[in-house]
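Below is one structure; the comments refer to it alone.
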Amino acid sequence: NDPMQIKEFIQSKLFLRQLIIAISLGIAIIWISLKMLDLYTHHGRIIEVPDLIGMNEAEVRKAIRAAGLKYVVNDSVFDDNLPKGSMSAQDPVPGAGVKKGRTIYLTMVALMPEMVPMPDLTDLSLRQAIAMLNTYGLRLGQIEYRPDIARNAVLQQKFNRAGIEAGSLVAKGTAIDLVLGEGLGENIVLVPLLLG
């Protein structure tokens, strides 16, 4: 514990040799750790996300496997303009750069149309009924008129030529036929005097 002995030990070749070995080992350990981290995180290796929109799930599985990625179908939408079971959206977008093993989130076009409750259109005007149908994702089918005092008011709502109750489930995009009041004013006919 003498200060002179400590000074002599620090200046000795043995101490310098051990110091150089310790510094070299420290640098080697840090370098190896960084290289292992690069291998684990795939640092610097970017994969371009393939365009999966329009593909069915079997095609997606094949493309994802070839790219070294993963996928999850996390949503479905109903769209008459796209083939059922095909992909309509993806995140990240096609062409984005990602690391190997990244999960791609997909939105699929539903195989079955979304079902919505039939609204009650009875006693609404034609304009209100059309607006209500649009709100529910339904569309106007054929219009039929019957004599009734309420001109252009919905008397009955029909699906497949039969009346449909409010609250019944129908596929989104279904055409609903309406029976409207014709009004009585224009249909009044003078009855001739037939007595005698």
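Residues are named by chain letter and number: chains run A, B, ... in the order of the structure tokens, numbers start at 1 in each chain, and ligands are numbered from 1 in the order shown.
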Notebook entry, point to check: Using only C-alpha atoms, which residues sit within 7 Å of range 164-167 of chain A once same-chain residues fewer than 6 positions away are excluded, as a ChimeraX atom specification?
Noted result: /A:117-120,157-158
Note to self: Using DSSP assignments from the backbone, pull out every residue in range 6-157 of chain A that falls under helix (DSSP H, G or I) and give it to me as a ChimeraX atom specification.
What the structure shows: /A:6-11,13-41,57-67,126-135
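Counting only C-alpha atoms and comparing A:Ser168, A:Ser86, A:Thr174, A:Gln18, the residue that lies closest to Asn134 in chain A is A:Thr174.
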Quick one: pick out all strand (DSSP E or B) residues within chain A from a backbone DSSP run and write them as a CSV table (one decimal) with all heavy atoms, in the first residue's frame.
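Result written to result-v5.csv:
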```csv
chain,number,residue,atom,x,y,z
A,47,ILE,N,-36.4,-4.6,-47.4
A,47,ILE,CA,-37.2,-5.4,-48.4
A,47,ILE,C,-38.3,-4.5,-48.9
A,47,ILE,O,-38.9,-3.8,-48.1
A,47,ILE,CB,-37.8,-6.6,-47.7
A,47,ILE,CG1,-36.7,-7.5,-47.2
A,47,ILE,CG2,-38.7,-7.3,-48.6
A,47,ILE,CD1,-37.2,-8.6,-46.3
A,48,GLU,N,-38.5,-4.5,-50.2
A,48,GLU,CA,-39.6,-3.7,-50.7
A,48,GLU,C,-40.9,-4.4,-50.6
A,48,GLU,O,-41.0,-5.6,-50.9
A,48,GLU,CB,-39.3,-3.4,-52.2
A,48,GLU,CG,-40.3,-2.4,-52.8
A,48,GLU,CD,-40.0,-2.1,-54.3
A,48,GLU,OE1,-38.8,-1.7,-54.5
A,48,GLU,OE2,-40.9,-2.1,-55.1
A,70,LYS,N,-44.5,-11.2,-43.1
A,70,LYS,CA,-45.6,-11.8,-42.5
A,70,LYS,C,-46.8,-11.0,-42.8
A,70,LYS,O,-46.7,-9.8,-43.2
A,70,LYS,CB,-45.5,-11.9,-40.9
A,70,LYS,CG,-44.3,-12.7,-40.4
A,70,LYS,CD,-44.2,-12.6,-38.9
A,70,LYS,CE,-43.0,-13.2,-38.4
A,70,LYS,NZ,-42.7,-12.9,-37.0
A,71,TYR,N,-48.1,-11.5,-42.7
A,71,TYR,CA,-49.3,-10.7,-42.9
A,71,TYR,C,-50.4,-11.1,-42.0
A,71,TYR,O,-50.4,-12.2,-41.4
A,71,TYR,CB,-49.7,-10.9,-44.4
A,71,TYR,CG,-50.5,-12.2,-44.7
A,71,TYR,CD1,-51.9,-12.2,-44.6
A,71,TYR,CD2,-49.8,-13.4,-44.9
A,71,TYR,CE1,-52.6,-13.4,-44.9
A,71,TYR,CE2,-50.5,-14.5,-45.2
A,71,TYR,CZ,-51.9,-14.5,-45.1
A,71,TYR,OH,-52.5,-15.7,-45.4
A,72,VAL,N,-51.3,-10.1,-41.8
A,72,VAL,CA,-52.5,-10.3,-41.0
A,72,VAL,C,-53.6,-9.6,-41.7
A,72,VAL,O,-53.5,-8.4,-42.1
A,72,VAL,CB,-52.3,-9.7,-39.6
A,72,VAL,CG1,-53.6,-9.7,-38.8
A,72,VAL,CG2,-51.2,-10.4,-38.8
A,73,VAL,N,-54.7,-10.3,-41.9
A,73,VAL,CA,-55.9,-9.7,-42.4
A,73,VAL,C,-56.7,-9.2,-41.2
A,73,VAL,O,-57.2,-9.9,-40.4
A,73,VAL,CB,-56.8,-10.7,-43.2
A,73,VAL,CG1,-58.1,-10.1,-43.7
A,73,VAL,CG2,-56.0,-11.3,-44.4
A,74,ASN,N,-56.7,-7.8,-41.0
A,74,ASN,CA,-57.3,-7.3,-39.8
A,74,ASN,C,-58.6,-6.5,-40.0
A,74,ASN,O,-59.2,-6.0,-39.1
A,74,ASN,CB,-56.3,-6.3,-39.1
A,74,ASN,CG,-55.9,-5.1,-40.0
A,74,ASN,OD1,-56.2,-5.1,-41.2
A,74,ASN,ND2,-55.4,-4.1,-39.3
A,75,ASP,N,-59.1,-6.5,-41.3
A,75,ASP,CA,-60.3,-5.9,-41.6
A,75,ASP,C,-60.9,-6.4,-42.8
A,75,ASP,O,-60.2,-7.0,-43.7
A,75,ASP,CB,-60.1,-4.4,-41.7
A,75,ASP,CG,-61.4,-3.6,-41.5
A,75,ASP,OD1,-62.5,-4.2,-41.2
A,75,ASP,OD2,-61.4,-2.3,-41.7
A,76,SER,N,-62.2,-6.3,-43.0
A,76,SER,CA,-62.9,-6.6,-44.2
A,76,SER,C,-63.9,-5.6,-44.6
A,76,SER,O,-64.5,-5.0,-43.7
A,76,SER,CB,-63.5,-8.0,-44.1
A,76,SER,OG,-64.6,-8.0,-43.2
A,77,VAL,N,-64.1,-5.4,-45.8
A,77,VAL,CA,-65.1,-4.4,-46.3
A,77,VAL,C,-65.9,-5.0,-47.4
A,77,VAL,O,-65.4,-6.0,-48.1
A,77,VAL,CB,-64.4,-3.1,-46.9
A,77,VAL,CG1,-63.7,-2.4,-45.8
A,77,VAL,CG2,-63.5,-3.4,-48.0
A,87,MET,N,-57.7,-8.6,-51.8
A,87,MET,CA,-57.3,-7.5,-50.9
A,87,MET,C,-57.6,-6.2,-51.5
A,87,MET,O,-57.3,-5.9,-52.7
A,87,MET,CB,-55.7,-7.7,-50.6
A,87,MET,CG,-55.4,-9.0,-50.1
A,87,MET,SD,-56.2,-9.4,-48.6
A,87,MET,CE,-56.2,-11.2,-48.7
A,88,SER,N,-58.1,-5.3,-50.7
A,88,SER,CA,-58.5,-3.9,-51.1
A,88,SER,C,-57.5,-2.9,-50.6
A,88,SER,O,-57.5,-1.8,-51.2
A,88,SER,CB,-59.9,-3.6,-50.8
A,88,SER,OG,-60.0,-3.5,-49.4
A,89,ALA,N,-56.8,-3.1,-49.5
A,89,ALA,CA,-55.9,-2.1,-49.0
A,89,ALA,C,-54.8,-2.9,-48.2
A,89,ALA,O,-55.0,-4.0,-47.7
A,89,ALA,CB,-56.6,-1.2,-48.1
A,90,GLN,N,-53.7,-2.2,-48.0
A,90,GLN,CA,-52.6,-2.8,-47.2
A,90,GLN,C,-51.8,-1.7,-46.5
A,90,GLN,O,-51.8,-0.5,-47.0
A,90,GLN,CB,-51.6,-3.6,-48.1
A,90,GLN,CG,-50.8,-2.8,-49.1
A,90,GLN,CD,-49.9,-3.7,-49.9
A,90,GLN,OE1,-50.5,-4.4,-50.8
A,90,GLN,NE2,-48.6,-3.7,-49.7
A,91,ASP,N,-51.2,-2.1,-45.4
A,91,ASP,CA,-50.3,-1.1,-44.6
A,91,ASP,C,-49.1,-1.9,-44.1
A,91,ASP,O,-49.3,-2.9,-43.4
A,91,ASP,CB,-51.1,-0.5,-43.5
A,91,ASP,CG,-50.3,0.5,-42.7
A,91,ASP,OD1,-49.5,1.2,-43.3
A,91,ASP,OD2,-50.4,0.5,-41.4
A,97,GLY,N,-40.2,0.5,-48.0
A,97,GLY,CA,-39.0,-0.3,-47.5
A,97,GLY,C,-39.2,-0.8,-46.1
A,97,GLY,O,-39.5,0.1,-45.2
A,98,VAL,N,-39.1,-2.1,-45.8
A,98,VAL,CA,-39.3,-2.6,-44.4
A,98,VAL,C,-38.2,-3.6,-44.2
A,98,VAL,O,-37.5,-4.1,-45.1
A,98,VAL,CB,-40.7,-3.2,-44.2
A,98,VAL,CG1,-41.8,-2.2,-44.4
A,98,VAL,CG2,-40.9,-4.4,-45.2
A,103,THR,N,-44.7,-7.4,-40.3
A,103,THR,CA,-46.0,-7.8,-40.6
A,103,THR,C,-46.7,-6.8,-41.5
A,103,THR,O,-46.7,-5.6,-41.2
A,103,THR,CB,-46.8,-7.9,-39.2
A,103,THR,OG1,-46.1,-8.9,-38.4
A,103,THR,CG2,-48.2,-8.4,-39.5
A,104,ILE,N,-47.4,-7.2,-42.5
A,104,ILE,CA,-48.2,-6.4,-43.4
A,104,ILE,C,-49.6,-6.6,-43.0
A,104,ILE,O,-50.1,-7.7,-42.9
A,104,ILE,CB,-48.0,-6.8,-44.9
A,104,ILE,CG1,-46.5,-6.9,-45.2
A,104,ILE,CG2,-48.7,-5.8,-45.8
A,104,ILE,CD1,-45.7,-5.6,-45.0
A,105,TYR,N,-50.3,-5.5,-42.8
A,105,TYR,CA,-51.8,-5.5,-42.4
A,105,TYR,C,-52.6,-5.3,-43.6
A,105,TYR,O,-52.4,-4.3,-44.4
A,105,TYR,CB,-52.0,-4.4,-41.3
A,105,TYR,CG,-51.2,-4.7,-40.1
A,105,TYR,CD1,-50.0,-4.1,-39.8
A,105,TYR,CD2,-51.7,-5.6,-39.1
A,105,TYR,CE1,-49.3,-4.4,-38.7
A,105,TYR,CE2,-51.0,-5.9,-38.0
A,105,TYR,CZ,-49.8,-5.3,-37.8
A,105,TYR,OH,-49.0,-5.6,-36.7
A,106,LEU,N,-53.6,-6.2,-43.8
A,106,LEU,CA,-54.4,-6.2,-45.0
A,106,LEU,C,-55.9,-6.0,-44.7
A,106,LEU,O,-56.4,-6.4,-43.7
A,106,LEU,CB,-54.2,-7.5,-45.8
A,106,LEU,CG,-52.8,-7.8,-46.2
A,106,LEU,CD1,-52.7,-9.3,-46.7
A,106,LEU,CD2,-52.3,-6.9,-47.3
A,107,THR,N,-56.6,-5.4,-45.7
A,107,THR,CA,-58.1,-5.3,-45.7
A,107,THR,C,-58.6,-6.1,-46.8
A,107,THR,O,-58.2,-5.9,-48.0
A,107,THR,CB,-58.5,-3.9,-45.8
A,107,THR,OG1,-57.9,-3.1,-44.7
A,107,THR,CG2,-60.0,-3.7,-45.7
A,108,MET,N,-59.5,-7.1,-46.5
A,108,MET,CA,-60.0,-8.0,-47.5
A,108,MET,C,-61.4,-7.6,-47.9
A,108,MET,O,-62.2,-7.1,-47.1
A,108,MET,CB,-60.0,-9.5,-47.0
A,108,MET,CG,-60.5,-10.5,-47.9
A,108,MET,SD,-60.7,-12.1,-47.2
A,108,MET,CE,-59.1,-12.7,-47.0
A,109,VAL,N,-61.8,-7.9,-49.2
A,109,VAL,CA,-63.1,-7.7,-49.6
A,109,VAL,C,-64.0,-8.8,-49.1
A,109,VAL,O,-63.6,-10.0,-49.3
A,109,VAL,CB,-63.2,-7.6,-51.2
A,109,VAL,CG1,-64.7,-7.5,-51.6
A,109,VAL,CG2,-62.4,-6.5,-51.7
A,115,MET,N,-74.7,-7.0,-43.7
A,115,MET,CA,-76.1,-7.0,-43.5
A,115,MET,C,-76.5,-5.7,-42.7
A,115,MET,O,-75.8,-5.4,-41.8
A,115,MET,CB,-76.6,-8.2,-42.7
A,115,MET,CG,-76.3,-9.6,-43.5
A,115,MET,SD,-77.0,-9.7,-45.1
A,115,MET,CE,-78.6,-10.2,-44.7
A,116,VAL,N,-77.6,-5.1,-43.1
A,116,VAL,CA,-78.1,-3.9,-42.4
A,116,VAL,C,-79.6,-4.1,-42.1
A,116,VAL,O,-80.3,-4.8,-42.8
A,116,VAL,CB,-77.9,-2.6,-43.2
A,116,VAL,CG1,-76.4,-2.3,-43.4
A,116,VAL,CG2,-78.6,-2.7,-44.6
A,117,PRO,N,-80.0,-3.4,-41.0
A,117,PRO,CA,-81.5,-3.5,-40.7
A,117,PRO,C,-82.3,-2.6,-41.7
A,117,PRO,O,-81.9,-1.5,-42.0
A,117,PRO,CB,-81.5,-3.0,-39.3
A,117,PRO,CG,-80.3,-2.1,-39.1
A,117,PRO,CD,-79.3,-2.7,-40.0
A,125,SER,N,-91.9,10.8,-47.3
A,125,SER,CA,-92.0,11.3,-48.6
A,125,SER,C,-91.0,10.5,-49.5
A,125,SER,O,-90.1,9.9,-48.9
A,125,SER,CB,-91.7,12.7,-48.8
A,125,SER,OG,-90.4,13.0,-48.5
A,139,ARG,N,-80.5,0.7,-52.0
A,139,ARG,CA,-80.9,1.5,-53.1
A,139,ARG,C,-82.3,1.4,-53.5
A,139,ARG,O,-83.0,0.4,-53.1
A,139,ARG,CB,-80.0,1.2,-54.3
A,139,ARG,CG,-79.9,-0.2,-54.7
A,139,ARG,CD,-78.8,-0.5,-55.8
A,139,ARG,NE,-78.8,-1.9,-56.1
A,139,ARG,CZ,-79.5,-2.5,-57.0
A,139,ARG,NH1,-80.3,-1.8,-57.7
A,139,ARG,NH2,-79.4,-3.7,-57.2
A,140,LEU,N,-82.8,2.4,-54.2
A,140,LEU,CA,-84.2,2.4,-54.6
A,140,LEU,C,-84.4,1.4,-55.8
A,140,LEU,O,-83.7,1.4,-56.8
A,140,LEU,CB,-84.6,3.8,-55.1
A,140,LEU,CG,-86.0,4.0,-55.6
A,140,LEU,CD1,-87.0,3.7,-54.4
A,140,LEU,CD2,-86.2,5.4,-56.1
A,141,GLY,N,-85.4,0.6,-55.7
A,141,GLY,CA,-85.8,-0.4,-56.7
A,141,GLY,C,-86.9,0.2,-57.6
A,141,GLY,O,-86.9,1.4,-57.9
A,142,GLN,N,-88.0,-0.5,-57.8
A,142,GLN,CA,-89.1,-0.1,-58.6
A,142,GLN,C,-90.1,0.7,-57.7
A,142,GLN,O,-90.2,0.5,-56.5
A,142,GLN,CB,-89.8,-1.3,-59.2
A,142,GLN,CG,-88.9,-2.0,-60.2
A,142,GLN,CD,-89.6,-3.2,-60.8
A,142,GLN,OE1,-90.7,-3.6,-60.4
A,142,GLN,NE2,-89.1,-3.7,-61.9
A,143,ILE,N,-90.8,1.6,-58.4
A,143,ILE,CA,-91.8,2.4,-57.7
A,143,ILE,C,-93.2,2.0,-58.3
A,143,ILE,O,-93.3,1.9,-59.5
A,143,ILE,CB,-91.6,3.9,-57.9
A,143,ILE,CG1,-90.2,4.3,-57.3
A,143,ILE,CG2,-92.7,4.7,-57.4
A,143,ILE,CD1,-89.9,5.8,-57.5
A,144,GLU,N,-94.1,1.8,-57.4
A,144,GLU,CA,-95.5,1.4,-57.8
A,144,GLU,C,-96.4,2.5,-57.1
A,144,GLU,O,-96.1,2.9,-56.0
A,144,GLU,CB,-95.7,0.0,-57.2
A,144,GLU,CG,-97.1,-0.5,-57.5
A,144,GLU,CD,-97.3,-1.9,-56.8
A,144,GLU,OE1,-96.3,-2.6,-56.7
A,144,GLU,OE2,-98.4,-2.1,-56.3
A,145,TYR,N,-97.4,2.9,-57.8
A,145,TYR,CA,-98.4,3.9,-57.3
A,145,TYR,C,-99.7,3.2,-57.0
A,145,TYR,O,-100.2,2.3,-57.8
A,145,TYR,CB,-98.5,5.0,-58.3
A,145,TYR,CG,-97.3,5.9,-58.3
A,145,TYR,CD1,-96.3,5.8,-59.2
A,145,TYR,CD2,-97.2,7.0,-57.4
A,145,TYR,CE1,-95.2,6.6,-59.3
A,145,TYR,CE2,-96.1,7.8,-57.4
A,145,TYR,CZ,-95.1,7.6,-58.3
A,145,TYR,OH,-94.1,8.5,-58.3
A,146,ARG,N,-100.3,3.6,-55.9
A,146,ARG,CA,-101.7,3.1,-55.6
A,146,ARG,C,-102.5,4.4,-55.2
A,146,ARG,O,-102.0,5.3,-54.6
A,146,ARG,CB,-101.7,2.2,-54.3
A,146,ARG,CG,-101.2,0.8,-54.6
A,146,ARG,CD,-101.5,-0.1,-53.5
A,146,ARG,NE,-100.7,-1.3,-53.6
A,146,ARG,CZ,-100.2,-2.0,-52.6
A,146,ARG,NH1,-100.4,-1.6,-51.4
A,146,ARG,NH2,-99.5,-3.1,-52.9
A,153,ALA,N,-96.2,9.6,-50.8
A,153,ALA,CA,-95.9,9.1,-49.5
A,153,ALA,C,-95.7,7.6,-49.6
A,153,ALA,O,-96.5,6.9,-50.3
A,153,ALA,CB,-96.9,9.5,-48.4
A,154,VAL,N,-94.8,7.0,-48.8
A,154,VAL,CA,-94.5,5.6,-48.9
A,154,VAL,C,-95.6,4.9,-48.1
A,154,VAL,O,-95.9,5.1,-47.0
A,154,VAL,CB,-93.1,5.2,-48.3
A,154,VAL,CG1,-92.9,3.7,-48.3
A,154,VAL,CG2,-92.0,5.9,-49.0
A,155,LEU,N,-96.4,4.0,-48.8
A,155,LEU,CA,-97.4,3.2,-48.2
A,155,LEU,C,-96.9,1.8,-47.8
A,155,LEU,O,-97.3,1.3,-46.8
A,155,LEU,CB,-98.6,3.0,-49.2
A,155,LEU,CG,-99.2,4.3,-49.8
A,155,LEU,CD1,-100.3,3.9,-50.8
A,155,LEU,CD2,-99.8,5.1,-48.7
A,156,GLN,N,-95.9,1.3,-48.6
A,156,GLN,CA,-95.4,0.0,-48.3
A,156,GLN,C,-94.0,-0.1,-48.8
A,156,GLN,O,-93.7,0.5,-49.9
A,156,GLN,CB,-96.3,-1.1,-48.9
A,156,GLN,CG,-95.9,-2.5,-48.5
A,156,GLN,CD,-96.8,-3.5,-49.2
A,156,GLN,OE1,-97.5,-3.2,-50.2
A,156,GLN,NE2,-96.7,-4.8,-48.8
A,157,GLN,N,-93.1,-0.9,-48.2
A,157,GLN,CA,-91.8,-1.2,-48.7
A,157,GLN,C,-91.7,-2.7,-49.0
A,157,GLN,O,-92.2,-3.5,-48.3
A,157,GLN,CB,-90.7,-0.8,-47.6
A,157,GLN,CG,-91.0,-1.3,-46.2
A,157,GLN,CD,-90.2,-0.5,-45.2
A,157,GLN,OE1,-90.0,0.7,-45.3
A,157,GLN,NE2,-89.9,-1.2,-44.1
A,158,LYS,N,-91.1,-3.0,-50.1
A,158,LYS,CA,-91.0,-4.4,-50.6
A,158,LYS,C,-89.6,-4.8,-51.0
A,158,LYS,O,-88.8,-4.0,-51.4
A,158,LYS,CB,-91.9,-4.5,-51.9
A,158,LYS,CG,-93.4,-4.4,-51.7
A,158,LYS,CD,-94.1,-4.6,-53.0
A,158,LYS,CE,-95.6,-4.7,-52.9
A,158,LYS,NZ,-96.2,-5.0,-54.2
A,159,PHE,N,-89.4,-6.1,-50.8
A,159,PHE,CA,-88.2,-6.8,-51.2
A,159,PHE,C,-88.6,-8.1,-51.8
A,159,PHE,O,-89.3,-8.9,-51.2
A,159,PHE,CB,-87.2,-7.0,-50.0
A,159,PHE,CG,-86.0,-7.8,-50.3
A,159,PHE,CD1,-85.1,-7.4,-51.2
A,159,PHE,CD2,-85.8,-9.0,-49.7
A,159,PHE,CE1,-84.0,-8.1,-51.5
A,159,PHE,CE2,-84.7,-9.8,-50.0
A,159,PHE,CZ,-83.8,-9.3,-50.9
A,162,ALA,N,-92.4,-8.9,-52.1
A,162,ALA,CA,-93.1,-9.1,-50.9
A,162,ALA,C,-92.8,-8.0,-49.9
A,162,ALA,O,-91.7,-7.4,-49.9
A,162,ALA,CB,-92.8,-10.5,-50.2
A,163,GLY,N,-93.8,-7.7,-49.0
A,163,GLY,CA,-93.5,-6.6,-48.0
A,163,GLY,C,-92.4,-7.0,-47.1
A,163,GLY,O,-92.2,-8.2,-46.8
A,169,LEU,N,-83.1,-7.9,-41.5
A,169,LEU,CA,-81.7,-7.8,-42.0
A,169,LEU,C,-81.7,-8.0,-43.5
A,169,LEU,O,-82.3,-9.0,-44.0
A,169,LEU,CB,-80.8,-8.7,-41.3
A,169,LEU,CG,-80.5,-8.4,-39.9
A,169,LEU,CD1,-79.5,-9.5,-39.3
A,169,LEU,CD2,-79.9,-7.0,-39.7
A,170,VAL,N,-81.1,-7.1,-44.3
A,170,VAL,CA,-81.0,-7.2,-45.7
A,170,VAL,C,-79.5,-6.9,-46.1
A,170,VAL,O,-78.8,-6.2,-45.3
A,170,VAL,CB,-81.9,-6.3,-46.5
A,170,VAL,CG1,-83.3,-6.7,-46.4
A,170,VAL,CG2,-81.8,-4.8,-46.1
A,171,ALA,N,-79.0,-7.4,-47.2
A,171,ALA,CA,-77.7,-7.2,-47.6
A,171,ALA,C,-77.5,-5.7,-48.1
A,171,ALA,O,-78.4,-5.2,-48.8
A,171,ALA,CB,-77.3,-8.2,-48.8
A,175,ALA,N,-81.8,-3.6,-53.6
A,175,ALA,CA,-82.8,-2.7,-54.1
A,175,ALA,C,-84.1,-2.9,-53.3
A,175,ALA,O,-84.6,-4.1,-53.2
A,175,ALA,CB,-83.0,-2.9,-55.6
A,176,ILE,N,-84.7,-1.8,-52.8
A,176,ILE,CA,-86.0,-1.9,-52.1
A,176,ILE,C,-87.0,-1.2,-53.0
A,176,ILE,O,-86.9,-0.1,-53.4
A,176,ILE,CB,-85.9,-1.2,-50.7
A,176,ILE,CG1,-84.8,-1.8,-49.9
A,176,ILE,CG2,-87.2,-1.2,-50.0
A,176,ILE,CD1,-85.0,-3.3,-49.5
A,177,ASP,N,-88.1,-1.9,-53.3
A,177,ASP,CA,-89.2,-1.4,-54.1
A,177,ASP,C,-90.2,-0.6,-53.1
A,177,ASP,O,-90.4,-1.0,-52.0
A,177,ASP,CB,-90.0,-2.5,-54.7
A,177,ASP,CG,-89.1,-3.3,-55.7
A,177,ASP,OD1,-88.2,-2.8,-56.2
A,177,ASP,OD2,-89.4,-4.5,-55.9
A,178,LEU,N,-90.8,0.4,-53.6
A,178,LEU,CA,-91.7,1.3,-52.8
A,178,LEU,C,-93.0,1.4,-53.5
A,178,LEU,O,-93.1,1.5,-54.7
A,178,LEU,CB,-91.1,2.7,-52.6
A,178,LEU,CG,-89.7,2.8,-51.9
A,178,LEU,CD1,-89.3,4.2,-51.9
A,178,LEU,CD2,-89.8,2.2,-50.5
A,179,VAL,N,-94.0,1.3,-52.6
A,179,VAL,CA,-95.4,1.6,-53.1
A,179,VAL,C,-95.8,3.0,-52.5
A,179,VAL,O,-95.7,3.2,-51.3
A,179,VAL,CB,-96.4,0.5,-52.5
A,179,VAL,CG1,-97.8,0.9,-53.0
A,179,VAL,CG2,-96.0,-0.9,-53.0
A,180,LEU,N,-96.1,3.9,-53.5
A,180,LEU,CA,-96.4,5.3,-53.1
A,180,LEU,C,-97.8,5.6,-53.3
A,180,LEU,O,-98.5,5.0,-54.2
A,180,LEU,CB,-95.5,6.2,-53.9
A,180,LEU,CG,-94.0,6.0,-53.8
A,180,LEU,CD1,-93.3,7.0,-54.8
A,180,LEU,CD2,-93.5,6.2,-52.4
A,181,GLY,N,-98.3,6.6,-52.6
A,181,GLY,CA,-99.6,7.1,-52.8
A,181,GLY,C,-99.7,7.9,-54.0
A,181,GLY,O,-98.8,8.8,-54.3
```
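By only C-alpha atoms, and with residues fewer than 4 positions from Lys84 in chain A along its chain excluded, the set lying at most 9 Å from it is A:Asn56, A:Phe78, A:Asp79, A:Asp80, A:Met108, A:Val109, A:Ala110, A:Leu111, A:Met112.
Taking CA of Ile46 in chain A and CA of Ala66 in chain A as the two end points, the separation is 14.2 Å.
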